[in-house]
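Student: File name protein38.txt; file contents compact mmCIF, C-alpha atoms; full text below.
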```
# COMPACT_ATOMS: atom_id res chain seq x y z
CA MET O 113 107.95 -37.14 107.70
CA GLU O 114 110.96 -39.14 108.96
CA ILE O 115 111.76 -42.81 109.39
CA LYS O 116 114.69 -43.83 111.59
CA ILE O 117 116.05 -47.14 110.33
CA ASN O 118 118.64 -49.18 112.21
CA LYS O 119 121.43 -50.21 109.88
CA ASN O 120 122.22 -53.25 112.05
CA ILE O 121 118.77 -54.66 111.19
CA TYR O 122 118.13 -53.34 107.68
CA ARG O 123 120.87 -53.54 105.10
CA LYS O 124 122.02 -50.31 103.52
CA ASP O 125 121.77 -51.55 99.93
CA CYS O 126 118.17 -52.62 100.55
CA ILE O 127 117.35 -49.21 101.97
CA GLU O 128 118.76 -47.50 98.90
CA LYS O 129 116.85 -49.80 96.59
CA VAL O 130 113.54 -49.06 98.31
CA VAL O 131 114.25 -45.34 98.33
CA GLU O 132 114.85 -45.44 94.59
CA THR O 133 111.54 -47.23 94.11
CA TYR O 134 109.58 -44.72 96.21
CA ARG O 135 111.20 -41.63 94.67
CA GLN O 136 108.46 -41.52 92.02
CA LEU O 137 105.84 -41.05 94.77
CA ALA O 138 107.62 -38.43 96.85
CA ASP O 139 110.84 -36.52 97.41
CA ILE O 140 112.96 -38.83 99.53
CA ASN O 141 116.37 -38.08 101.06
CA ILE O 142 118.68 -40.35 103.00
CA ILE O 143 120.66 -38.98 105.92
CA ASP O 144 123.34 -41.49 106.76
CA GLN O 145 124.44 -41.71 110.38
CA GLU O 146 126.63 -44.13 112.27
CA ASN O 147 124.03 -46.80 113.17
CA PHE O 148 120.98 -45.34 111.52
CA CYS O 149 119.64 -44.12 108.25
CA ILE O 150 117.14 -41.30 108.50
CA ILE O 151 114.70 -41.24 105.60
CA LYS O 152 113.06 -37.90 105.00
CA ILE O 153 109.88 -38.10 102.93
CA GLU O 154 108.44 -34.86 101.57
CA LYS O 155 105.97 -33.66 98.99
CA VAL O 156 103.89 -36.78 99.21
CA ASP O 157 100.70 -37.10 97.23
CA SER O 158 97.75 -36.66 99.59
CA LYS O 159 96.41 -40.08 98.51
CA TYR O 160 99.45 -41.85 99.98
CA LYS O 161 100.21 -39.52 102.86
CA ASN O 162 98.79 -41.80 105.54
CA ILE O 163 100.22 -45.08 104.33
CA ILE O 164 103.48 -44.23 102.59
CA LYS O 165 105.58 -44.53 105.73
CA ASP O 166 104.18 -47.96 106.70
CA GLU O 167 104.27 -49.27 103.14
CA PHE O 168 107.84 -48.08 102.85
CA CYS O 169 108.76 -50.08 105.99
CA ASN O 170 106.93 -53.20 104.77
CA TYR O 171 108.63 -53.02 101.41
CA LEU O 172 111.99 -52.56 103.11
CA LEU O 173 111.34 -55.62 105.31
CA PHE O 174 110.48 -57.65 102.22
CA GLU O 175 113.69 -56.57 100.46
CA VAL O 176 115.86 -57.41 103.47
CA LYS O 177 114.18 -60.77 103.90
CA LYS O 178 114.96 -61.57 100.25
CA CYS O 179 118.63 -60.88 100.87
CA LEU O 180 118.92 -63.09 103.99
CA MET Y 4 99.84 -50.68 117.46
CA GLU Y 5 101.36 -53.63 119.34
CA THR Y 6 105.02 -54.08 120.20
CA ILE Y 7 106.84 -57.33 120.82
CA ILE Y 8 110.35 -57.47 122.31
CA VAL Y 9 112.38 -60.42 121.15
CA ASP Y 10 115.72 -61.63 122.46
CA LYS Y 11 118.27 -62.19 119.73
CA LYS Y 12 119.84 -65.03 121.70
CA LEU Y 13 116.61 -67.02 121.44
CA TYR Y 14 115.49 -66.04 117.96
CA SER Y 15 117.81 -65.20 115.14
CA LEU Y 16 117.31 -62.15 112.95
CA ARG Y 17 116.55 -64.48 110.07
CA ALA Y 18 113.73 -66.13 112.02
CA ILE Y 19 112.30 -62.75 112.97
CA PHE Y 20 112.32 -61.53 109.39
CA GLY Y 21 110.82 -64.82 108.21
CA THR Y 22 107.98 -64.53 110.67
CA ALA Y 23 107.36 -60.86 109.92
CA TYR Y 24 107.21 -61.67 106.18
CA ILE Y 25 104.26 -64.03 106.80
CA PHE Y 26 102.21 -61.19 108.34
CA LEU Y 27 103.06 -58.53 105.78
CA GLU Y 28 99.83 -58.97 103.89
CA ASN Y 29 97.56 -57.81 106.67
CA PHE Y 30 99.88 -55.84 108.97
CA TYR Y 31 102.50 -53.13 108.88
CA ILE Y 32 105.58 -54.36 110.64
CA PHE Y 33 108.61 -52.35 111.65
CA LEU Y 34 111.73 -53.64 113.40
CA ASP Y 35 114.02 -51.67 115.64
CA LYS Y 36 116.73 -52.30 118.17
CA VAL Y 37 116.07 -51.76 121.84
CA ASP Y 38 119.61 -52.65 122.86
CA GLU Y 39 122.35 -54.93 121.62
CA GLU Y 40 120.46 -58.12 122.35
CA LYS Y 41 116.82 -57.17 122.01
CA ILE Y 42 114.73 -56.25 119.00
CA SER Y 43 111.39 -54.56 119.08
CA ILE Y 44 108.69 -55.58 116.58
CA GLN Y 45 105.98 -53.00 116.01
CA ILE Y 46 102.82 -54.43 114.49
CA LYS Y 47 100.02 -52.28 113.15
CA ALA Y 48 96.93 -53.61 111.43
CA LYS Y 49 96.18 -52.38 107.91
CA ASN Y 50 92.45 -52.51 108.61
CA SER Y 51 91.05 -51.19 111.86
CA GLU Y 52 88.70 -54.21 112.00
CA GLN Y 53 91.55 -56.65 112.64
CA ASP Y 54 92.29 -57.57 116.24
CA GLU Y 55 95.85 -56.55 117.04
CA SER Y 56 95.94 -58.25 120.44
CA LYS Y 57 95.38 -61.63 118.84
CA ILE Y 58 98.12 -61.07 116.29
CA VAL Y 59 100.74 -60.79 118.99
CA ASP Y 60 100.13 -64.37 120.11
CA ASP Y 61 99.98 -65.61 116.55
CA PHE Y 62 103.20 -63.79 115.80
CA LYS Y 63 104.95 -65.41 118.78
CA ASN Y 64 103.77 -68.89 117.79
CA GLU Y 65 104.82 -68.35 114.24
CA LEU Y 66 108.20 -67.10 115.47
CA ILE Y 67 108.78 -70.43 117.26
CA ASN Y 68 107.63 -72.32 114.20
CA THR Y 69 109.95 -70.45 111.88
CA SER Y 70 112.86 -70.68 114.26
CA LEU Y 71 112.49 -74.46 114.57
CA ARG Y 72 112.18 -74.86 110.81
CA LEU Y 73 115.40 -72.90 110.31
CA LYS Y 74 117.16 -74.97 112.97
CA ILE Y 75 116.17 -78.26 111.31
CA SER Y 76 117.18 -76.82 107.99
CA GLU Y 77 120.62 -75.99 109.37
CA GLU Y 78 120.99 -79.47 110.87
CA ASN Y 79 120.11 -81.17 107.60
CA LYS Y 80 122.14 -78.80 105.49
CA LYS Y 81 125.05 -81.20 104.97
CA ILE Y 82 122.81 -84.14 104.11
CA ARG Y 83 120.79 -82.00 101.74
CA GLU Y 84 123.91 -80.70 100.03
CA MET Y 85 125.34 -84.21 99.80
CA ILE Y 86 122.19 -85.59 98.18
CA VAL Y 87 122.00 -82.75 95.70
CA SER Y 88 125.71 -82.83 94.92
CA SER Y 89 125.75 -86.62 94.49
CA ALA Y 90 122.75 -86.42 92.23
CA LEU Y 91 124.34 -83.69 90.15
CA TYR Y 92 127.78 -85.37 90.20
CA GLY Y 93 126.32 -88.73 89.18
CA ARG Y 94 124.45 -87.13 86.33
CA ASN Y 95 127.57 -85.28 85.18
CA THR Y 96 129.64 -88.45 85.39
CA ALA Y 97 127.10 -90.33 83.34
CA LEU Y 98 127.10 -87.54 80.78
CA VAL Y 99 130.90 -87.45 80.64
CA GLU Y 100 131.13 -91.24 80.28
CA SER Y 101 128.51 -91.36 77.58
CA SER Y 102 130.21 -88.54 75.68
CA LYS Y 103 133.58 -90.35 76.02
CA GLN Y 104 132.09 -93.56 74.67
CA PHE Y 105 130.48 -91.65 71.84
CA ASN Y 106 133.80 -90.00 70.91
CA GLU Y 107 135.69 -93.29 71.08
CA SER Y 108 133.20 -95.09 68.87
CA LYS Y 109 133.30 -92.19 66.45
CA GLU Y 110 137.11 -92.35 66.29
CA GLN Y 111 137.04 -96.10 65.71
CA GLN Y 112 134.43 -95.67 63.00
CA GLU Y 113 136.52 -93.02 61.27
CA MET Y 114 139.64 -95.20 61.51
CA HIS Y 115 137.74 -98.15 60.05
CA HIS Y 116 136.47 -96.07 57.14
CA THR Y 117 139.96 -94.71 56.53
CA ASN Y 118 141.35 -98.24 56.33
CA CYS Y 119 138.52 -99.33 54.05
CA ARG Y 120 139.47 -96.64 51.57
CA LYS Y 121 143.10 -97.74 51.47
CA GLU Y 122 144.49 -99.25 48.28
CA PRO Y 123 145.55 -102.93 48.33
CA GLY Y 124 149.15 -103.29 49.34
CA ASP Y 125 149.17 -100.41 51.75
CA SER Y 126 151.50 -101.26 54.54
CA LEU Y 127 149.68 -99.25 57.15
CA ARG Y 128 147.29 -101.19 59.34
CA PRO Y 129 144.86 -99.92 61.95
CA ILE Y 130 146.57 -99.58 65.26
CA ASN Y 131 143.69 -101.24 67.04
CA ASP Y 132 144.15 -104.53 65.16
CA PRO Y 133 146.94 -106.35 67.04
CA LYS Y 134 145.94 -109.82 65.74
CA GLY Y 135 145.92 -108.69 62.12
CA ILE Y 136 142.32 -109.75 61.62
CA SER Y 137 141.82 -107.20 58.88
CA LYS Y 138 144.74 -108.61 56.81
CA THR Y 139 143.93 -110.49 53.62
CA TRP Y 140 144.81 -114.15 53.09
CA GLU Y 141 147.48 -113.20 50.59
CA GLU Y 142 149.15 -110.82 52.96
CA VAL Y 143 149.35 -113.51 55.59
CA ASN Y 144 150.21 -116.61 53.47
CA GLY Y 145 151.66 -115.74 50.11
CA ASP Y 146 153.57 -113.43 47.85
CA GLU Y 147 152.23 -111.06 45.28
CA ARG Y 148 152.31 -113.60 42.44
CA LEU Y 149 150.02 -115.94 44.35
CA GLN Y 150 147.81 -113.03 45.17
CA GLU Y 151 147.53 -112.11 41.49
CA MET Y 152 146.76 -115.72 40.54
CA HIS Y 153 144.11 -115.91 43.19
CA HIS Y 154 142.40 -112.77 41.94
CA THR Y 155 142.68 -114.00 38.32
CA ASN Y 156 141.06 -117.33 39.17
CA CYS Y 157 138.34 -115.64 41.13
CA ARG Y 158 137.28 -113.77 38.03
CA LYS Y 159 137.35 -116.82 35.69
CA GLU Y 160 134.31 -118.25 33.97
CA PRO Y 161 133.07 -121.79 34.82
CA GLY Y 162 134.97 -124.46 32.88
CA ASP Y 163 138.33 -122.73 32.98
CA SER Y 164 141.14 -125.14 33.65
CA LEU Y 165 142.86 -123.04 36.23
CA ARG Y 166 141.69 -123.59 39.77
CA PRO Y 167 142.18 -121.35 42.78
CA ILE Y 168 145.45 -122.21 44.43
CA ASN Y 169 143.86 -122.26 47.85
CA ASP Y 170 141.74 -125.34 47.06
CA PRO Y 171 144.08 -128.30 47.77
CA GLU Y 172 141.24 -130.80 48.30
CA GLY Y 173 139.55 -129.90 45.03
CA ILE Y 174 136.28 -129.04 46.68
CA SER Y 175 135.41 -126.59 43.97
CA LYS Y 176 135.88 -129.21 41.16
CA THR Y 177 132.82 -130.51 39.32
CA TRP Y 178 131.68 -134.11 39.44
CA GLU Y 179 132.75 -134.64 35.80
CA GLU Y 180 136.26 -133.45 36.50
CA VAL Y 181 136.56 -135.92 39.36
CA ASN Y 182 134.74 -139.05 37.97
CA GLY Y 183 134.69 -139.00 34.19
CA ASP Y 184 132.88 -137.78 31.13
CA GLU Y 185 129.26 -136.82 30.68
CA ARG Y 186 128.10 -140.22 29.40
CA SER Y 187 129.21 -142.09 32.47
CA GLN Y 188 127.59 -139.40 34.61
CA GLU Y 189 124.23 -139.96 32.92
CA MET Y 190 124.52 -143.73 33.36
CA HIS Y 191 125.34 -143.32 36.97
CA HIS Y 192 122.22 -141.30 37.54
CA THR Y 193 120.14 -143.89 35.66
CA ASN Y 194 121.48 -146.69 37.87
CA CYS Y 195 120.86 -144.68 40.96
CA ARG Y 196 117.17 -144.88 40.27
CA LYS Y 197 117.20 -148.69 39.95
CA GLU Y 198 116.05 -150.77 42.92
CA VAL Y 199 118.70 -153.49 42.48
CA CYS Y 200 122.03 -152.73 41.00
CA SER Y 201 122.94 -155.48 38.51
CA CYS Y 202 126.42 -156.81 37.94
CA ARG Y 203 126.21 -155.73 34.35
CA ASP Y 204 125.61 -152.19 35.33
CA ASN Y 205 128.40 -152.41 37.81
CA LYS Y 206 130.74 -153.55 35.08
CA ILE Y 207 129.60 -150.76 32.85
CA LEU Y 208 130.23 -148.33 35.57
CA GLY Y 209 133.67 -149.86 35.86
CA ARG Y 210 133.44 -150.67 39.51
CA GLY Y 211 135.61 -153.78 38.98
CA LEU Y 212 135.92 -157.29 40.31
CA GLU Y 213 135.67 -156.43 43.94
CA ASP Y 214 132.13 -155.17 43.52
CA ASP Y 215 131.14 -158.37 41.75
CA HIS Y 216 132.36 -160.50 44.63
CA LYS Y 217 130.50 -158.34 47.05
CA ALA Y 218 127.28 -158.82 45.11
CA VAL Y 219 127.73 -162.63 45.14
CA ASN Y 220 128.35 -162.61 48.85
CA ARG Y 221 125.17 -160.67 49.45
CA ILE Y 222 123.16 -163.30 47.56
CA PHE Y 223 124.69 -166.14 49.55
CA SER Y 224 124.13 -164.47 52.83
CA LYS Y 225 120.40 -164.34 52.13
CA THR Y 226 120.13 -168.12 51.52
CA THR Y 227 119.44 -170.48 54.44
CA GLU Y 228 121.72 -173.31 55.52
CA VAL Y 229 119.33 -175.93 54.06
CA ASP Y 230 119.28 -174.22 50.69
CA TYR Y 231 123.05 -174.13 50.78
CA PHE Y 232 123.34 -177.93 51.17
CA LYS Y 233 120.63 -178.48 48.56
CA MET Y 234 122.90 -176.82 46.09
CA PHE Y 235 125.47 -179.61 46.57
CA ASP Y 236 123.02 -182.51 47.22
CA LYS Y 237 121.86 -183.08 43.67
CA GLU Y 238 120.42 -186.53 44.49
CA GLY Y 239 118.35 -185.23 47.39
CA ASP Y 240 119.27 -187.99 49.85
CA GLY Y 241 120.21 -185.58 52.58
CA ASP Y 242 123.82 -186.62 52.77
CA LYS Y 243 125.54 -183.61 54.12
CA ASN Y 244 128.99 -185.05 53.63
```
Do you think you could lay out the structure here as structure tokens?

Tutor:
Amino acid sequence: MEIKINKNIYRKDCIEKVVETYRQLADINIIDQENFCIIKIEKVDSKYKNIIKDEFCNYLLFEVKKCL
Amino acid sequence: METIIVDKKLYSLRAIFGTAYIFLENFYIFLDKVDEEKISIQIKAKNSEQDESKIVDDFKNELINTSLRLKISEENKKIREMIVSSALYGRNTALVESSKQFNESKEQQEMHHTNCRKEPGDSLRPINDPKGISKTWEEVNGDERLQEMHHTNCRKEPGDSLRPINDPEGISKTWEEVNGDERSQEMHHTNCRKEVCSCRDNKILGRGLEDDHKAVNRIFSKTTEVDYFKMFDKEGDGDKN
């Protein structure tokens, strides 16, 4: 499962913070590119498999909004 | 899932995030860039029962609302900062002034207590006493000998012959010392209680010839003109000459 996040919209430090939070639920890796961060989510518990991607994005939006 | 495309020239990124935050409870929202000036907002309902088509309109309205609120906030930023800073500055100034006053009064109090503990004859005076109010009478008007005499007289028992040197009018003298012995004092008080003061008593009191003449004049002033001529007209014929 992959999420392509635009670094011009979401701040990098916020992305890293959210990734650290979600690491206890799944194996998460960050692939840093020029304008994007690609978040790879693997080995997710079956309970959260359907919602983890959307919840991750919501939580990231909340973190960025806090920083603005 | 619904997608809204928003122009960054019309709505700032802050306004977009602010609006998206309001809908986080019931929707999944994800932002992405379409190009340099446009942002796509993907909205997905958490529950399938919620109407996603309606949320698009609500989101757009809320986007205007948030954008306007931010604009007003920016316009009033200086006024807001000024009010807050003046309030804080005024409070700080008041605190500083009150603390200064407290320190000054404390210093003055300490200086006063220091001077109070000084021995007599110390030459040092408080620096905040330019008129020399705290100086003693002796320091202002006399030498040490006078000062010693003054303190000696102050401690004397009643009846001592020495008087304080600073009593030129003899205010502190007793009645006996001014007017005579005890016997004459008693007589004086006895006569004071009499309704009419007799010439005899006046003589006893030693008031002298002048008082006697005054008493005679008082008697004559009370008599009428007729009575006056009667005194000289022994025959009673009314001859005034």

Student: Each residue of chain O with at least one atom at most 9 Å from chain Y should appear once, together with its nearest atom pair and the corresponding distance in Å (one decimal); atoms considered: all atoms listed in the file; ordering: chain, then increasing residue number; output as a tab-separated table.

Tutor:
```
residue	atom	partner	partner_atom	distance
O:Lys116	CA	Y:Asp35	CA	8.8
O:Ile117	CA	Y:Asp35	CA	7.3
O:Asn118	CA	Y:Asp35	CA	6.3
O:Asn120	CA	Y:Lys36	CA	8.3
O:Ile121	CA	Y:Asp35	CA	7.2
O:Tyr122	CA	Y:Leu34	CA	8.6
O:Asp166	CA	Y:Tyr31	CA	5.9
O:Glu167	CA	Y:Tyr31	CA	7.1
O:Cys169	CA	Y:Phe33	CA	6.1
O:Asn170	CA	Y:Tyr31	CA	6.0
O:Tyr171	CA	Y:Leu27	CA	9.0
O:Leu173	CA	Y:Phe20	CA	7.2
O:Phe174	CA	Y:Tyr24	CA	6.5
O:Val176	CA	Y:Phe20	CA	8.0
O:Lys177	CA	Y:Phe20	CA	5.8
O:Leu180	CA	Y:Arg17	CA	6.7
```

Student: Please dump the current selection as a PDB file, in the frame of the given file; keep C-alpha atoms.

Tutor:
```pdb
ATOM      1  CA  LYS O 116     114.690 -43.830 111.590  1.00  0.00           C
ATOM      2  CA  ILE O 117     116.050 -47.140 110.330  1.00  0.00           C
ATOM      3  CA  ASN O 118     118.640 -49.180 112.210  1.00  0.00           C
ATOM      4  CA  ASN O 120     122.220 -53.250 112.050  1.00  0.00           C
ATOM      5  CA  ILE O 121     118.770 -54.660 111.190  1.00  0.00           C
ATOM      6  CA  TYR O 122     118.130 -53.340 107.680  1.00  0.00           C
ATOM      7  CA  ASP O 166     104.180 -47.960 106.700  1.00  0.00           C
ATOM      8  CA  GLU O 167     104.270 -49.270 103.140  1.00  0.00           C
ATOM      9  CA  CYS O 169     108.760 -50.080 105.990  1.00  0.00           C
ATOM     10  CA  ASN O 170     106.930 -53.200 104.770  1.00  0.00           C
ATOM     11  CA  TYR O 171     108.630 -53.020 101.410  1.00  0.00           C
ATOM     12  CA  LEU O 173     111.340 -55.620 105.310  1.00  0.00           C
ATOM     13  CA  PHE O 174     110.480 -57.650 102.220  1.00  0.00           C
ATOM     14  CA  VAL O 176     115.860 -57.410 103.470  1.00  0.00           C
ATOM     15  CA  LYS O 177     114.180 -60.770 103.900  1.00  0.00           C
ATOM     16  CA  LEU O 180     118.920 -63.090 103.990  1.00  0.00           C
TER      17      LEU O 180
END
```

Student: One number please: atom CA of Asp157 of chain O to atom CA of Tyr134 of chain O, in Å, one decimal.

Tutor: 11.7 Å

Student: Given the choices O:Leu172, O:Val156, O:Cys179, O:Ile151, which gets closest to Leu137 of chain O if the distance is worked out from only C-alpha atoms?

Tutor: O:Val156

Student: One number please: atom CA of Ser15 of chain Y to atom CA of Leu71 of chain Y, in Å, one decimal.

Tutor: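 Interatomic distance here is 10.7 Å.
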
Student: For Ile143 of chain O, please output as JSON, numbers by chain all residues within 12 Å (counting all atoms listed in the file; exclusion window: fewer than 6 positions along the same chain).

Tutor: {"O": [114, 115, 116, 117, 119, 124, 127, 128, 131, 149, 150, 151, 152, 153]}

Student: Give me, please, the distance in Å between atom CA of Ile86 of chain Y and atom CA of Tyr14 of chain Y, quoted to one decimal.

Tutor: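 About the pair atom CA of Ile86 of chain Y and atom CA of Tyr14 of chain Y: they are 28.6 Å apart.
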
Student: Counting all atoms listed in the file, which of Y:Met114, Y:Glu172, Y:Trp140, Y:Ile7 gets nearest to Asp60 of chain Y?

Tutor: Y:Ile7
